[in-house]
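Report on the following structure.
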Amino acid sequence: MEDLKRKLNPSQYEAVRTMDGPVLVIAGAGSGKTRAIEYRVLHMIESGIRPESILLLTFTRKASHEMLTRATKHDSRCRRVDGGTFHSFAFKILKKYAKVLGLSNLFSILDESDAAEAIHRCAVKVGLVNKDKKSPKKDTLRSVISMSVNKGLSIVAILEKEYPHFMEFAKEIEALKGEYTAYKIHKNYMDYDDLLVYMKLLLEVDEVRKKLSDKYRYVMVDEYQDTNMLQGDISYLLAKEHKNIMIVGDDAQSIYGFRGSSHKNIMDFPGKFDNCRIITLEENYRSTQEILDVANSVLENMDNKYSKCLMATRKESVEKPKLSFFKNVYDEAAWIVAKIKELRDEGLDVHHQAVLFRSAYVSIPLQAELSKNGIQYQVFGGLKFYETAHVKDLLAHMKVVLNVKDEIAWHRMLTLIEGIGTKTADRITEDIMAKASLEDVIGKTLSGNDKFGKSSGNLWKLKAFLKSAVSCRALPGSLYDIALDYYLPLMKEKFDDWHIRINDLETLRQIAARYDELEQLLADFAIEPPDRGVWKVEPSAKHEEKPLTLSTIHSSKGLEWDSVFLISLVDGVLPSSFALDSEEDIEEESRLFYVAVTRAKNRLFLSMSHEGSRGGITQFNKISRFLDAPNVLGGLDQKVIFEPIEDPDIDLDDSDGIMPVYDKNSLLKRVTGRYS
DNA sequence: CCGCGGAGTGTTTTT
DNA sequence: CACTCCGCGG
């Protein structure tokens with residue numbers, strides 16, 4: 001106990017010691033909330049609480065893993081604490097209890113593009129694919145329906161705010177939403193939202209809720225400012241019986257509004273329970289005051305209600321945050337890489353440094369520069385490799401082995417085959433849907449007669465693949481191997497750049513080989529997708545250096561580094577141009593900036609480049625509006641590294657006075673040896 | 001009915 | 001500028 005008191009400040013200590021009843025912890029950036037949770041888990045277990053009865057819900061799998069690993073170092077029993085994301089927890093529970101809702105516990109998860117595909121199928125059924133009127137596309141429909149589910153608002157309300165020009169389709173989309181829901185139930189599909197919707201529904205069943213409350217006596221939810229209405233409801237329901245719940249969050253770091261999260265959740269929490277204890281962690285242990293000043297002054301400039309002002313506990317300071325301007329992104333990338341190497345040479349390993357950005361695409365020039373310099377890096381956020389067409393193709397071949405009714409997967413597989421288009425694939429899929437098992441599909445649907453016209457000749461390979469797939473359905477690694485054997489020729493047909501794409505499949509192979517259950521592999525891919533692997537650097541990376549982190553700001557949440565580079569601080573990138581017409585959205589962007597800045601412990605480098613290209617033409621980039629304010633700029637050390645200068649060639653004399661050597665025809669002759 | 005080629009469009013953040 | 005949708009030829 002004395003030990004705890006020494007390791008924690010009074011607020012943290014209070015949070016750790018308060019085990020029973022509802023607790024709200026408002027924790028500013030860098031205030032040691034991870035530490036508080038870590039020690040709270042530890043303290044609970046040492047006080048005799050069974051680790052299995054603790055549930056730790058976090059926003060990303062990375063976060064929960066990190067927390068539990070740290071606690072496990074002190075006490076190995078911490079490993080038995082249950083935790084994960086809301087989605088993965090819901091999946092786990094639904095596997096066990098789906099039958100209570102009348103659903104099958106053998107369901108497949110639809111990721112976003114699968115869901116869009118499914119919605120498209122329903123849209124065709126409902127007649128929402130209009131030729132004359134410009135009807136919304138499948139991705140738009142998916143997004144509207146999902147937002148309406150997550151925010152608990154009507155389709156009309158969502159359209160009003162996000163897609164007013166599609167207002168005339170409101171009734172049809174409302175109908176589509178119903179159709180889509182029915183479709184998923186019928187086909188044993190769940191999309192991401194369903195996991196939460198059905199989890200909540202389950203918790204509303206008294207018997208189930210009591211059972212789960214008996215098991216999970218203590219609930220903790222981290223990053224609560226990023227939960228949406230459904231996740232909030234799930235949290236209340238989980239604690240309804242015993243009220244032992246601690247939520248931790250920071251309204252100034254709410255950055256997932258686009259997904260329906262609301263910092264109102266955190267404000268409303270104390271009202272949901274009597275005698276909710278509120279603990280505030282204010283002191284910042286992470287960053288220097290100079291860095292915090294930048295963060296503070298950006299929030300100051302918003303007309304919002306963040307009362308918090310971060311105060312550093314650290315007194316020493318390394319250097320003032322620096323703002324640098326460059327001519328173009330290549331100069332920016334080159335300077336950053338040079339700086340990273342400089343810091344490394346001073347003894348700061350690259351793995352204590354990170355480069356953060358608003359959108360993944362702005363990191364591409366930097367990635368090129370890093371590879372050129374042989375620096376290992378790892379990218380978080382942005383396009384996931386499991387979302388790429390080739391990975392989805394291959395996974396489809398594994399999905400149908402698990403769930404014969406997965407018509408989206410069947411359809412995907414079939415259209416890969418030459419001679420089979422949408423229509424034929426529809427017909428075959430329909431036939432498959434009437435079969436009870438994979439064996440039936442092989443024996444009946446693919447029985448060899450040519451009821452599917454000229455494409456039938458190409459189906460025998462599929463049949464052969466499925467035959468061998470049946471025999472190794474229990475072994476994800478082997479299934480992967482035979483699926484690749486079958487898919488590789490198709491992939492070479494489909495993609496010119498298959499030799500690059502095959503790297504992702506190799507990653508997939510390594511992952512698949514680690515699983516001994518197909519179902520778990522596929523679920524993890526949908527719900528807790530692995531990050532893209534460490535980028536392999538040419539021949540020999542120097543003695544297995546841990547990689548540099550490149551990350552979207554969203555994915556950097558909760559993490560910290562000694563030195564942070566925040567790049568592309570251009571108005572239209574951060575804040576994103578999508579946010580510009582809504583005050584509310586711009587505020588969220590400013591919180592994003594705040595999150596980014598507060599990741600840095602000692603050094604912060606802000607940068608932008610002036611030469612932008614939008615839609616083909618170059619334009620002059622303006623500095624992010626968040627920086628362009630006296631109180632922010634005042635706290636920065638500014639360097640104009642490359643002024644946006646004119647192209648030096650312009651200063652050369654032009655060709656006046658030099659006689660032409662070629663005309664067009666003689667030039668052609670000179671170059672090609674031919675006259676036109 | 002497949003598949004190719006041209007036109008057009010919108011381009012973020014994540015489970 | 002990459003991807004999707006549409007229209008046409010085979």
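By convention here, the chains of the structure tokens are called A, B, ... in the order presented, each chain's residues are numbered starting at 1, and ligands are numbered starting at 1 in the order presented.
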
Please produce, as JSON lines, a per-residue contact table for chain C versus chain A (criterion: any atom at most 12 Å away, only C-alpha atoms (C1' of nucleotides) considered), showing the nearest atom pair and its distance in Å to one decimal, sorted by chain then residue number.
{"residue": "C:DC1", "atom": "C1'", "partner": "A:Gly615", "partner_atom": "CA", "distance": 8.3}
{"residue": "C:DT4", "atom": "C1'", "partner": "A:Lys137", "partner_atom": "CA", "distance": 9.9}
{"residue": "C:DC5", "atom": "C1'", "partner": "A:Lys137", "partner_atom": "CA", "distance": 10.1}
{"residue": "C:DC6", "atom": "C1'", "partner": "A:Lys131", "partner_atom": "CA", "distance": 10.7}

> What residues in chain B lie within 8 Å of chain A, counting only C-alpha atoms (C1' of nucleotides), written as a PyMOL selection string?
Replying inline: chain B and resi 1-2+12-15

Give the alpha helix (DSSP H) residues of region 62-93 of chain A, as DSSP finds them on the backbone, and put them as an mmCIF file with C-alpha atoms, in the first residue's frame.
data_model
loop_
_atom_site.group_PDB
_atom_site.id
_atom_site.type_symbol
_atom_site.label_atom_id
_atom_site.label_comp_id
_atom_site.auth_asym_id
_atom_site.auth_seq_id
_atom_site.Cartn_x
_atom_site.Cartn_y
_atom_site.Cartn_z
ATOM 1 C CA LYS A 62 -3.500 -2.159 -28.883
ATOM 2 C CA ALA A 63 -4.542 -0.107 -25.862
ATOM 3 C CA SER A 64 -5.962 -2.998 -23.869
ATOM 4 C CA HIS A 65 -3.051 -5.193 -24.743
ATOM 5 C CA GLU A 66 -0.586 -2.525 -23.654
ATOM 6 C CA MET A 67 -2.336 -1.997 -20.354
ATOM 7 C CA LEU A 68 -2.559 -5.671 -19.510
ATOM 8 C CA THR A 69 1.014 -6.398 -20.513
ATOM 9 C CA ARG A 70 2.218 -3.703 -18.187
ATOM 10 C CA ALA A 71 0.130 -4.962 -15.312
ATOM 11 C CA THR A 72 1.115 -8.545 -16.021
ATOM 12 C CA LYS A 73 4.726 -7.617 -15.441
ATOM 13 C CA HIS A 74 3.884 -6.959 -11.818
ATOM 14 C CA PHE A 86 -16.492 -3.128 -27.496
ATOM 15 C CA HIS A 87 -16.722 -4.923 -30.802
ATOM 16 C CA SER A 88 -14.533 -7.858 -29.890
ATOM 17 C CA PHE A 89 -16.246 -8.229 -26.529
ATOM 18 C CA ALA A 90 -19.645 -8.140 -28.221
ATOM 19 C CA PHE A 91 -18.506 -10.783 -30.679
ATOM 20 C CA LYS A 92 -17.390 -13.042 -27.900
ATOM 21 C CA ILE A 93 -20.631 -12.677 -25.988
#

>> At a cut-off of 9 Å, using only C-alpha atoms (C1' of nucleotides), what residues contact His390 (chain A)? Leave out same-chain residues fewer than 2 positions from it and give the result as number ranges by chain.
In response: A: 385-388, 392-395, 491, 495, 498, 501-502, 504-505

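Across the model, the gap from CA of Ala409 (chain A) to CA of Ala396 (chain A) is 4.7 Å.
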
> Near DG9 (chain C), counting only C-alpha atoms (C1' of nucleotides), which residues have an atom at most 12 Å away, once you skip same-chain residues fewer than 4 positions from it, shown as a ChimeraX atom specification?
Replying inline: /B:2-5
